[in-house]
Amino acid sequence: MSMLKLHILPVYSVYHPTEKVGEMRLQQHQVDTLNAFQDPNIDVVINVAMTGDGKSIAGYLPAIREQKHAVVMYPTNELI
């Protein structure tokens, strides 16, 4: 009988070398998302980071940085 052995490396995002919000270090995908929001040539931003990797924070960053209010909706029961 043969045995299948898998060695799975941990999945994580890389931190941006310098970007922070307060004391919170930002991940590279969060900084890329923020930059995309600020680019007038980009109409749609889709962040495909892993679950629990900070996609929501990435989406809130423009409001957080500008200290503005935001209305946020989660379209599925799994995220409520």
# chains A, B, ... in the order shown; residues from 1 in each chain; ligands from 1
call {"tool": "closest_atom_pairs", "arguments": {"of": "stretch 21-43 of chain A", "to": "stretch 53-60 of chain A", "cutoff": "10 Å", "atoms": "only C-alpha atoms", "output": "CSV"}}
result
residue,atom,partner,partner_atom,distance
A:Leu26,CA,A:Ala58,CA,8.6
A:Gln27,CA,A:Gly54,CA,8.1
A:Gln28,CA,A:Ala58,CA,9.9
A:His29,CA,A:Ala58,CA,7.8
A:Gln30,CA,A:Ala58,CA,4.6
A:Val31,CA,A:Ala58,CA,7.4
A:Asp32,CA,A:Ala58,CA,8.7
A:Thr33,CA,A:Ala58,CA,6.2
A:Leu34,CA,A:Ala58,CA,6.6
A:Phe37,CA,A:Gly59,CA,8.7
call {"tool": "select_by_dssp", "arguments": {"residues": "stretch 13-77 of chain A", "states": "helix (DSSP H, G or I)", "output": "list in words"}}
result
Gln28, His29, Gln30, Val31, Asp32, Thr33, Leu34, Asn35, Ala36, Phe37, Gln38, Lys55, Ser56, Ile57, Ala58, Gly59, Tyr60, Leu61, Pro62, Ala63, Ile64, Arg65 and Asn77 of chain A
call {"tool": "atom_distance", "arguments": {"atom1": "atom CA of A:Leu61", "atom2": "atom CA of A:Val14"}}
result
17.6 Å
call {"tool": "closest_residue", "arguments": {"among": "A:Ile64, A:Val44, A:Leu4, A:Val71", "to": "A:Gly22", "atoms": "only C-alpha atoms"}}
result
A:Ile64
call {"tool": "select_by_dssp", "arguments": {"residues": "chain A", "states": "strand (DSSP E or B)", "output": "list in words"}}
result
Tyr15, His16, Pro17, Thr18, Glu19, Lys20, Val21, Met24, Arg25, Leu26 and Gln27 of chain A
call {"tool": "write_last_selection", "arguments": {"atoms": "N, CA and C atoms", "output": "PDB file, in the first residue's frame"}}
result
ATOM      1  N   TYR A  15       3.894  41.476   4.955  1.00  0.00           N
ATOM      2  CA  TYR A  15       3.685  42.830   5.446  1.00  0.00           C
ATOM      3  C   TYR A  15       4.387  43.827   4.527  1.00  0.00           C
ATOM      4  N   HIS A  16       3.772  44.985   4.358  1.00  0.00           N
ATOM      5  CA  HIS A  16       4.420  46.067   3.629  1.00  0.00           C
ATOM      6  C   HIS A  16       5.581  46.553   4.496  1.00  0.00           C
ATOM      7  N   PRO A  17       6.715  46.901   3.895  1.00  0.00           N
ATOM      8  CA  PRO A  17       7.877  47.255   4.718  1.00  0.00           C
ATOM      9  C   PRO A  17       7.715  48.512   5.564  1.00  0.00           C
ATOM     10  N   THR A  18       6.840  49.450   5.158  1.00  0.00           N
ATOM     11  CA  THR A  18       6.772  50.716   5.899  1.00  0.00           C
ATOM     12  C   THR A  18       5.373  51.175   6.284  1.00  0.00           C
ATOM     13  N   GLU A  19       4.350  50.775   5.566  1.00  0.00           N
ATOM     14  CA  GLU A  19       3.007  51.335   5.763  1.00  0.00           C
ATOM     15  C   GLU A  19       2.355  50.856   7.052  1.00  0.00           C
ATOM     16  N   LYS A  20       1.768  51.812   7.780  1.00  0.00           N
ATOM     17  CA  LYS A  20       1.037  51.539   9.019  1.00  0.00           C
ATOM     18  C   LYS A  20      -0.186  52.438   9.082  1.00  0.00           C
ATOM     19  N   VAL A  21      -1.171  52.008   9.857  1.00  0.00           N
ATOM     20  CA  VAL A  21      -2.277  52.864  10.269  1.00  0.00           C
ATOM     21  C   VAL A  21      -2.210  52.866  11.782  1.00  0.00           C
ATOM     22  N   MET A  24      -0.824  49.711  13.664  1.00  0.00           N
ATOM     23  CA  MET A  24      -1.106  48.485  12.912  1.00  0.00           C
ATOM     24  C   MET A  24      -0.323  48.466  11.601  1.00  0.00           C
ATOM     25  N   ARG A  25       0.511  47.461  11.444  1.00  0.00           N
ATOM     26  CA  ARG A  25       1.240  47.292  10.190  1.00  0.00           C
ATOM     27  C   ARG A  25       0.275  46.810   9.117  1.00  0.00           C
ATOM     28  N   LEU A  26       0.420  47.339   7.930  1.00  0.00           N
ATOM     29  CA  LEU A  26      -0.441  46.918   6.821  1.00  0.00           C
ATOM     30  C   LEU A  26       0.248  45.839   6.010  1.00  0.00           C
ATOM     31  N   GLN A  27      -0.567  44.966   5.471  1.00  0.00           N
ATOM     32  CA  GLN A  27      -0.047  43.940   4.579  1.00  0.00           C
ATOM     33  C   GLN A  27       0.023  44.516   3.166  1.00  0.00           C
TER      34      GLN A  27
END
call {"tool": "atom_distance", "arguments": {"atom1": "atom CA of A:Pro40", "atom2": "atom CA of A:Glu23"}}
result
28.4 Å
call {"tool": "closest_residue", "arguments": {"among": "A:Thr76, A:Tyr12, A:His7, A:Gln38", "to": "A:Ala63", "atoms": "only C-alpha atoms"}}
result
A:Gln38
call {"tool": "closest_residue", "arguments": {"among": "A:Lys5, A:Ser13, A:Asn35, A:Ile46", "to": "A:Pro62", "atoms": "only C-alpha atoms"}}
result
A:Asn35
call {"tool": "decode", "arguments": {"residues": "stretch 63-78 of chain A", "atoms": "all heavy atoms", "output": "compact mmCIF listing (two decimals), in the first residue's frame"}}
result
# COMPACT_ATOMS: atom_id res chain seq x y z
N ALA A 63 -11.66 55.33 4.33
CA ALA A 63 -12.46 56.00 5.36
C ALA A 63 -11.67 56.15 6.66
O ALA A 63 -11.74 57.18 7.32
CB ALA A 63 -13.74 55.22 5.62
N ILE A 64 -10.88 55.15 7.01
CA ILE A 64 -10.09 55.21 8.24
C ILE A 64 -9.04 56.31 8.14
O ILE A 64 -8.89 57.12 9.05
CB ILE A 64 -9.41 53.84 8.52
CG1 ILE A 64 -10.46 52.79 8.87
CG2 ILE A 64 -8.37 53.97 9.63
CD1 ILE A 64 -9.92 51.37 8.92
N ARG A 65 -8.33 56.36 7.02
CA ARG A 65 -7.29 57.37 6.85
C ARG A 65 -7.84 58.79 6.84
O ARG A 65 -7.21 59.70 7.33
CB ARG A 65 -6.53 57.10 5.55
CG ARG A 65 -5.57 55.95 5.67
CD ARG A 65 -4.22 56.39 5.23
NE ARG A 65 -3.22 55.44 5.61
CZ ARG A 65 -2.27 55.02 4.81
NH1 ARG A 65 -2.22 55.45 3.58
NH2 ARG A 65 -1.36 54.19 5.24
N GLU A 66 -9.01 58.96 6.25
CA GLU A 66 -9.61 60.30 6.16
C GLU A 66 -10.53 60.59 7.33
O GLU A 66 -11.18 61.63 7.37
CB GLU A 66 -10.35 60.44 4.84
CG GLU A 66 -9.43 60.33 3.63
CD GLU A 66 -10.19 60.30 2.32
OE1 GLU A 66 -11.36 60.73 2.29
OE2 GLU A 66 -9.61 59.82 1.33
N GLN A 67 -10.61 59.66 8.28
CA GLN A 67 -11.46 59.78 9.46
C GLN A 67 -12.90 60.13 9.09
O GLN A 67 -13.50 61.06 9.61
CB GLN A 67 -10.88 60.79 10.45
CG GLN A 67 -9.54 60.36 10.98
CD GLN A 67 -8.98 61.29 12.02
OE1 GLN A 67 -9.55 62.32 12.34
NE2 GLN A 67 -7.84 60.92 12.57
N LYS A 68 -13.46 59.35 8.16
CA LYS A 68 -14.84 59.53 7.72
C LYS A 68 -15.67 58.33 8.14
O LYS A 68 -15.14 57.27 8.45
CB LYS A 68 -14.88 59.69 6.19
CG LYS A 68 -14.20 60.96 5.73
CD LYS A 68 -14.43 61.19 4.27
CE LYS A 68 -13.82 62.53 3.88
NZ LYS A 68 -14.10 62.88 2.53
N HIS A 69 -16.97 58.52 8.12
CA HIS A 69 -17.89 57.43 8.44
C HIS A 69 -18.11 56.57 7.20
O HIS A 69 -17.98 57.04 6.07
CB HIS A 69 -19.23 57.98 8.91
CG HIS A 69 -19.11 58.75 10.19
ND1 HIS A 69 -19.02 58.14 11.42
CD2 HIS A 69 -19.05 60.08 10.42
CE1 HIS A 69 -18.92 59.06 12.35
NE2 HIS A 69 -18.94 60.25 11.77
N ALA A 70 -18.46 55.32 7.41
CA ALA A 70 -18.74 54.42 6.31
C ALA A 70 -19.91 53.52 6.69
O ALA A 70 -20.05 53.12 7.85
CB ALA A 70 -17.53 53.56 5.99
N VAL A 71 -20.76 53.21 5.73
CA VAL A 71 -21.82 52.24 5.91
C VAL A 71 -21.34 50.96 5.23
O VAL A 71 -20.97 50.98 4.07
CB VAL A 71 -23.15 52.72 5.28
CG1 VAL A 71 -24.19 51.64 5.36
CG2 VAL A 71 -23.61 54.00 5.94
N VAL A 72 -21.33 49.86 5.99
CA VAL A 72 -20.78 48.62 5.47
C VAL A 72 -21.86 47.55 5.49
O VAL A 72 -22.58 47.40 6.48
CB VAL A 72 -19.58 48.17 6.34
CG1 VAL A 72 -18.99 46.89 5.81
CG2 VAL A 72 -18.53 49.28 6.40
N MET A 73 -21.98 46.82 4.39
CA MET A 73 -22.96 45.74 4.30
C MET A 73 -22.24 44.44 3.97
O MET A 73 -21.32 44.44 3.15
CB MET A 73 -24.00 46.05 3.22
CG MET A 73 -24.86 47.23 3.56
SD MET A 73 -26.01 47.69 2.24
CE MET A 73 -26.61 46.15 1.65
N TYR A 74 -22.65 43.37 4.60
CA TYR A 74 -22.11 42.05 4.31
C TYR A 74 -23.23 41.24 3.65
O TYR A 74 -24.24 40.97 4.29
CB TYR A 74 -21.63 41.36 5.58
CG TYR A 74 -20.42 42.05 6.16
CD1 TYR A 74 -20.54 43.04 7.11
CD2 TYR A 74 -19.16 41.72 5.69
CE1 TYR A 74 -19.41 43.68 7.63
CE2 TYR A 74 -18.02 42.36 6.19
CZ TYR A 74 -18.18 43.33 7.15
OH TYR A 74 -17.07 43.95 7.64
N PRO A 75 -23.06 40.82 2.40
CA PRO A 75 -24.16 40.21 1.65
C PRO A 75 -24.47 38.76 1.98
O PRO A 75 -25.45 38.23 1.47
CB PRO A 75 -23.69 40.34 0.20
CG PRO A 75 -22.21 40.34 0.29
CD PRO A 75 -21.87 41.03 1.59
N THR A 76 -23.68 38.09 2.78
CA THR A 76 -23.97 36.68 3.07
C THR A 76 -24.07 36.46 4.57
O THR A 76 -23.45 37.16 5.37
CB THR A 76 -22.87 35.76 2.50
OG1 THR A 76 -21.64 36.06 3.14
CG2 THR A 76 -22.71 35.92 1.00
N ASN A 77 -24.83 35.47 4.95
CA ASN A 77 -25.00 35.14 6.38
C ASN A 77 -23.69 34.71 7.02
O ASN A 77 -23.50 34.91 8.21
CB ASN A 77 -26.04 34.03 6.54
CG ASN A 77 -27.43 34.54 6.27
OD1 ASN A 77 -27.71 35.73 6.36
ND2 ASN A 77 -28.33 33.63 5.91
N GLU A 78 -22.79 34.11 6.25
CA GLU A 78 -21.53 33.62 6.81
C GLU A 78 -20.68 34.76 7.36
O GLU A 78 -19.87 34.56 8.24
CB GLU A 78 -20.72 32.86 5.75
CG GLU A 78 -21.33 31.56 5.34
CD GLU A 78 -22.42 31.71 4.26
OE1 GLU A 78 -22.64 32.85 3.79
OE2 GLU A 78 -23.05 30.70 3.94
